[in-house]
Amino acid sequence: MMKIAIFGAAGAIGRVALPELLNRGHNVRVVGRDVKKLDTLAAPGVEIAAADLADPAEARRAANGVDAILYCVGLPYHQFARHPALMRCTVEAAQAAGVRQLLLISTVYPYGRAQ
């Protein structure tokens, strides 16, 4: 099985993906900024890693030693301009760590307010 890091694990998508990955036998590193929220995800097979993905060193640390990254970072509307920088940091961290699989799961929200 694989070791998979969920970037944005404490959000809506990460919370749904985590039990599915565990049920499939994967080890999972949950990554996010708020360690208190991450602590609510503690379970056998789960590693908790607090990291600010806007910080290249922290993103590299979060990516180190995993086979794949599931990127499901969510941001409030007023912070959407941060998406490209966070994704750039994630891609560079994945490359530096030798991670060969990066899956992006997003919503329509980065494209603007739903109408």
# chains A, B, ... in the order shown; residues from 1 in each chain; ligands from 1

call {"tool": "select_by_dssp", "arguments": {"residues": "stretch 3-112 of chain A", "states": "helix (DSSP H, G or I)", "output": "PyMOL selection string"}}
result
chain A and resi 12-23+35-39+56-63+77-97+109-111

call {"tool": "residues_around", "arguments": {"residues": "stretch 4-18 of chain A", "least_positions_apart": "6", "cutoff": "9 Å", "atoms": "only C-alpha atoms", "output": "NGL selection string"}}
result
:A and (26-34 or 37-38 or 40-41 or 46-47 or 53 or 62-63 or 66-74 or 90 or 105-106)

call {"tool": "residues_around", "arguments": {"residues": "A:Pro84", "least_positions_apart": "2", "cutoff": "12 Å", "atoms": "only C-alpha atoms", "output": "PyMOL selection string"}}
result
chain A and resi 53-54+73+75+79-82+86-91+110

call {"tool": "write_last_selection", "arguments": {"atoms": "N, CA and C atoms", "output": "mmCIF file, in the first residue's frame"}}
result
data_model
loop_
_atom_site.group_PDB
_atom_site.id
_atom_site.type_symbol
_atom_site.label_atom_id
_atom_site.label_comp_id
_atom_site.auth_asym_id
_atom_site.auth_seq_id
_atom_site.Cartn_x
_atom_site.Cartn_y
_atom_site.Cartn_z
ATOM 1 N N LEU A 53 1.474 25.490 4.085
ATOM 2 C CA LEU A 53 1.880 25.147 2.717
ATOM 3 C C LEU A 53 2.344 26.350 1.911
ATOM 4 N N ALA A 54 2.235 27.540 2.471
ATOM 5 C CA ALA A 54 2.796 28.735 1.821
ATOM 6 C C ALA A 54 4.294 28.842 2.097
ATOM 7 N N VAL A 73 -6.781 21.632 -0.643
ATOM 8 C CA VAL A 73 -6.759 22.855 0.162
ATOM 9 C C VAL A 73 -7.932 23.742 -0.242
ATOM 10 N N LEU A 75 -9.896 27.479 0.482
ATOM 11 C CA LEU A 75 -9.679 28.841 0.977
ATOM 12 C C LEU A 75 -10.985 29.609 0.930
ATOM 13 N N GLN A 79 -9.594 34.921 0.015
ATOM 14 C CA GLN A 79 -8.194 34.480 -0.048
ATOM 15 C C GLN A 79 -7.876 33.681 -1.302
ATOM 16 N N PHE A 80 -8.784 33.644 -2.273
ATOM 17 C CA PHE A 80 -8.572 32.811 -3.462
ATOM 18 C C PHE A 80 -7.306 33.154 -4.233
ATOM 19 N N ALA A 81 -6.849 34.387 -4.148
ATOM 20 C CA ALA A 81 -5.638 34.782 -4.863
ATOM 21 C C ALA A 81 -4.417 33.999 -4.369
ATOM 22 N N ARG A 82 -4.537 33.332 -3.242
ATOM 23 C CA ARG A 82 -3.426 32.548 -2.688
ATOM 24 C C ARG A 82 -3.283 31.172 -3.351
ATOM 25 N N LEU A 86 0.132 28.612 -3.363
ATOM 26 C CA LEU A 86 0.087 27.370 -2.582
ATOM 27 C C LEU A 86 0.317 26.156 -3.477
ATOM 28 N N MET A 87 -0.280 26.166 -4.650
ATOM 29 C CA MET A 87 -0.081 25.046 -5.573
ATOM 30 C C MET A 87 1.370 24.997 -6.051
ATOM 31 N N ARG A 88 1.951 26.158 -6.350
ATOM 32 C CA ARG A 88 3.361 26.193 -6.773
ATOM 33 C C ARG A 88 4.246 25.603 -5.685
ATOM 34 N N CYS A 89 4.014 25.989 -4.451
ATOM 35 C CA CYS A 89 4.786 25.476 -3.320
ATOM 36 C C CYS A 89 4.627 23.962 -3.210
ATOM 37 N N THR A 90 3.422 23.482 -3.396
ATOM 38 C CA THR A 90 3.144 22.054 -3.309
ATOM 39 C C THR A 90 3.847 21.289 -4.425
ATOM 40 N N VAL A 91 3.760 21.783 -5.640
ATOM 41 C CA VAL A 91 4.409 21.107 -6.771
ATOM 42 C C VAL A 91 5.924 21.072 -6.573
ATOM 43 N N PRO A 110 -12.742 28.233 -6.905
ATOM 44 C CA PRO A 110 -11.642 29.031 -7.425
ATOM 45 C C PRO A 110 -11.988 29.789 -8.709
#

call {"tool": "atom_distance", "arguments": {"atom1": "atom CA of A:Ala42", "atom2": "atom CA of A:Ala94"}}
result
23.8 Å

call {"tool": "atom_distance", "arguments": {"atom1": "atom CA of A:Gly65", "atom2": "atom CA of A:Gly98"}}
result
8.4 Å

call {"tool": "select_by_dssp", "arguments": {"residues": "chain A", "states": "strand (DSSP E or B)", "output": "PyMOL selection string"}}
result
chain A and resi 3-7+27-32+46-50+68-71+101-104

call {"tool": "decode", "arguments": {"residues": "stretch 37-70 of chain A", "atoms": "N, CA and C atoms", "output": "tab-separated table (two decimals), in the first residue's frame"}}
result
chain	number	residue	atom	x	y	z
A	37	LYS	N	-7.31	21.02	14.74
A	37	LYS	CA	-8.22	20.39	13.77
A	37	LYS	C	-7.66	19.06	13.29
A	38	LEU	N	-6.36	19.01	13.06
A	38	LEU	CA	-5.73	17.76	12.61
A	38	LEU	C	-5.85	16.68	13.68
A	39	ASP	N	-5.73	17.07	14.94
A	39	ASP	CA	-5.83	16.09	16.03
A	39	ASP	C	-7.17	15.36	16.03
A	40	THR	N	-8.22	16.01	15.50
A	40	THR	CA	-9.53	15.35	15.45
A	40	THR	C	-9.55	14.22	14.43
A	41	LEU	N	-8.52	14.14	13.60
A	41	LEU	CA	-8.44	13.10	12.57
A	41	LEU	C	-7.59	11.91	13.00
A	42	ALA	N	-7.08	11.95	14.23
A	42	ALA	CA	-6.19	10.88	14.71
A	42	ALA	C	-6.88	9.53	14.65
A	43	ALA	N	-6.14	8.55	14.14
A	43	ALA	CA	-6.63	7.17	14.03
A	43	ALA	C	-5.43	6.29	13.70
A	44	PRO	N	-5.56	4.98	13.88
A	44	PRO	CA	-4.46	4.09	13.47
A	44	PRO	C	-4.16	4.28	11.98
A	45	GLY	N	-2.88	4.38	11.65
A	45	GLY	CA	-2.48	4.58	10.27
A	45	GLY	C	-2.43	6.03	9.84
A	46	VAL	N	-2.72	6.95	10.78
A	46	VAL	CA	-2.72	8.38	10.45
A	46	VAL	C	-1.56	9.08	11.16
A	47	GLU	N	-0.78	9.81	10.39
A	47	GLU	CA	0.30	10.64	10.91
A	47	GLU	C	-0.15	12.09	10.80
A	48	ILE	N	0.00	12.86	11.85
A	48	ILE	CA	-0.41	14.25	11.87
A	48	ILE	C	0.81	15.13	11.62
A	49	ALA	N	0.69	16.06	10.67
A	49	ALA	CA	1.79	16.95	10.33
A	49	ALA	C	1.26	18.37	10.11
A	50	ALA	N	1.46	19.22	11.09
A	50	ALA	CA	1.07	20.62	10.94
A	50	ALA	C	2.08	21.30	10.03
A	51	ALA	N	1.59	22.03	9.03
A	51	ALA	CA	2.47	22.73	8.10
A	51	ALA	C	1.71	23.85	7.41
A	52	ASP	N	2.39	24.95	7.21
A	52	ASP	CA	1.86	26.05	6.41
A	52	ASP	C	2.36	25.84	4.99
A	53	LEU	N	1.47	25.49	4.09
A	53	LEU	CA	1.88	25.15	2.72
A	53	LEU	C	2.34	26.35	1.91
A	54	ALA	N	2.24	27.54	2.47
A	54	ALA	CA	2.80	28.74	1.82
A	54	ALA	C	4.29	28.84	2.10
A	55	ASP	N	4.79	28.07	3.02
A	55	ASP	CA	6.21	28.08	3.39
A	55	ASP	C	6.88	26.90	2.68
A	56	PRO	N	7.80	27.17	1.75
A	56	PRO	CA	8.42	26.08	0.98
A	56	PRO	C	9.06	25.01	1.84
A	57	ALA	N	9.73	25.40	2.91
A	57	ALA	CA	10.40	24.40	3.78
A	57	ALA	C	9.36	23.52	4.46
A	58	GLU	N	8.27	24.09	4.92
A	58	GLU	CA	7.23	23.30	5.59
A	58	GLU	C	6.52	22.40	4.58
A	59	ALA	N	6.30	22.89	3.38
A	59	ALA	CA	5.66	22.07	2.34
A	59	ALA	C	6.56	20.89	1.98
A	60	ARG	N	7.87	21.12	1.88
A	60	ARG	CA	8.81	20.03	1.57
A	60	ARG	C	8.80	19.00	2.70
A	61	ARG	N	8.79	19.47	3.93
A	61	ARG	CA	8.75	18.55	5.08
A	61	ARG	C	7.48	17.70	5.04
A	62	ALA	N	6.35	18.32	4.69
A	62	ALA	CA	5.08	17.60	4.62
A	62	ALA	C	5.06	16.57	3.49
A	63	ALA	N	5.80	16.85	2.42
A	63	ALA	CA	5.83	15.95	1.25
A	63	ALA	C	6.88	14.85	1.38
A	64	ASN	N	7.84	15.04	2.24
A	64	ASN	CA	8.95	14.10	2.35
A	64	ASN	C	8.47	12.73	2.82
A	65	GLY	N	8.86	11.71	2.07
A	65	GLY	CA	8.59	10.33	2.49
A	65	GLY	C	7.22	9.78	2.12
A	66	VAL	N	6.45	10.50	1.30
A	66	VAL	CA	5.16	9.97	0.88
A	66	VAL	C	5.23	9.55	-0.59
A	67	ASP	N	4.32	8.68	-0.95
A	67	ASP	CA	4.24	8.21	-2.34
A	67	ASP	C	3.37	9.11	-3.20
A	68	ALA	N	2.39	9.74	-2.56
A	68	ALA	CA	1.43	10.56	-3.30
A	68	ALA	C	0.90	11.67	-2.40
A	69	ILE	N	0.45	12.74	-3.05
A	69	ILE	CA	-0.19	13.85	-2.34
A	69	ILE	C	-1.58	14.05	-2.92
A	70	LEU	N	-2.55	14.11	-2.03
A	70	LEU	CA	-3.91	14.49	-2.39
A	70	LEU	C	-4.05	15.94	-1.95
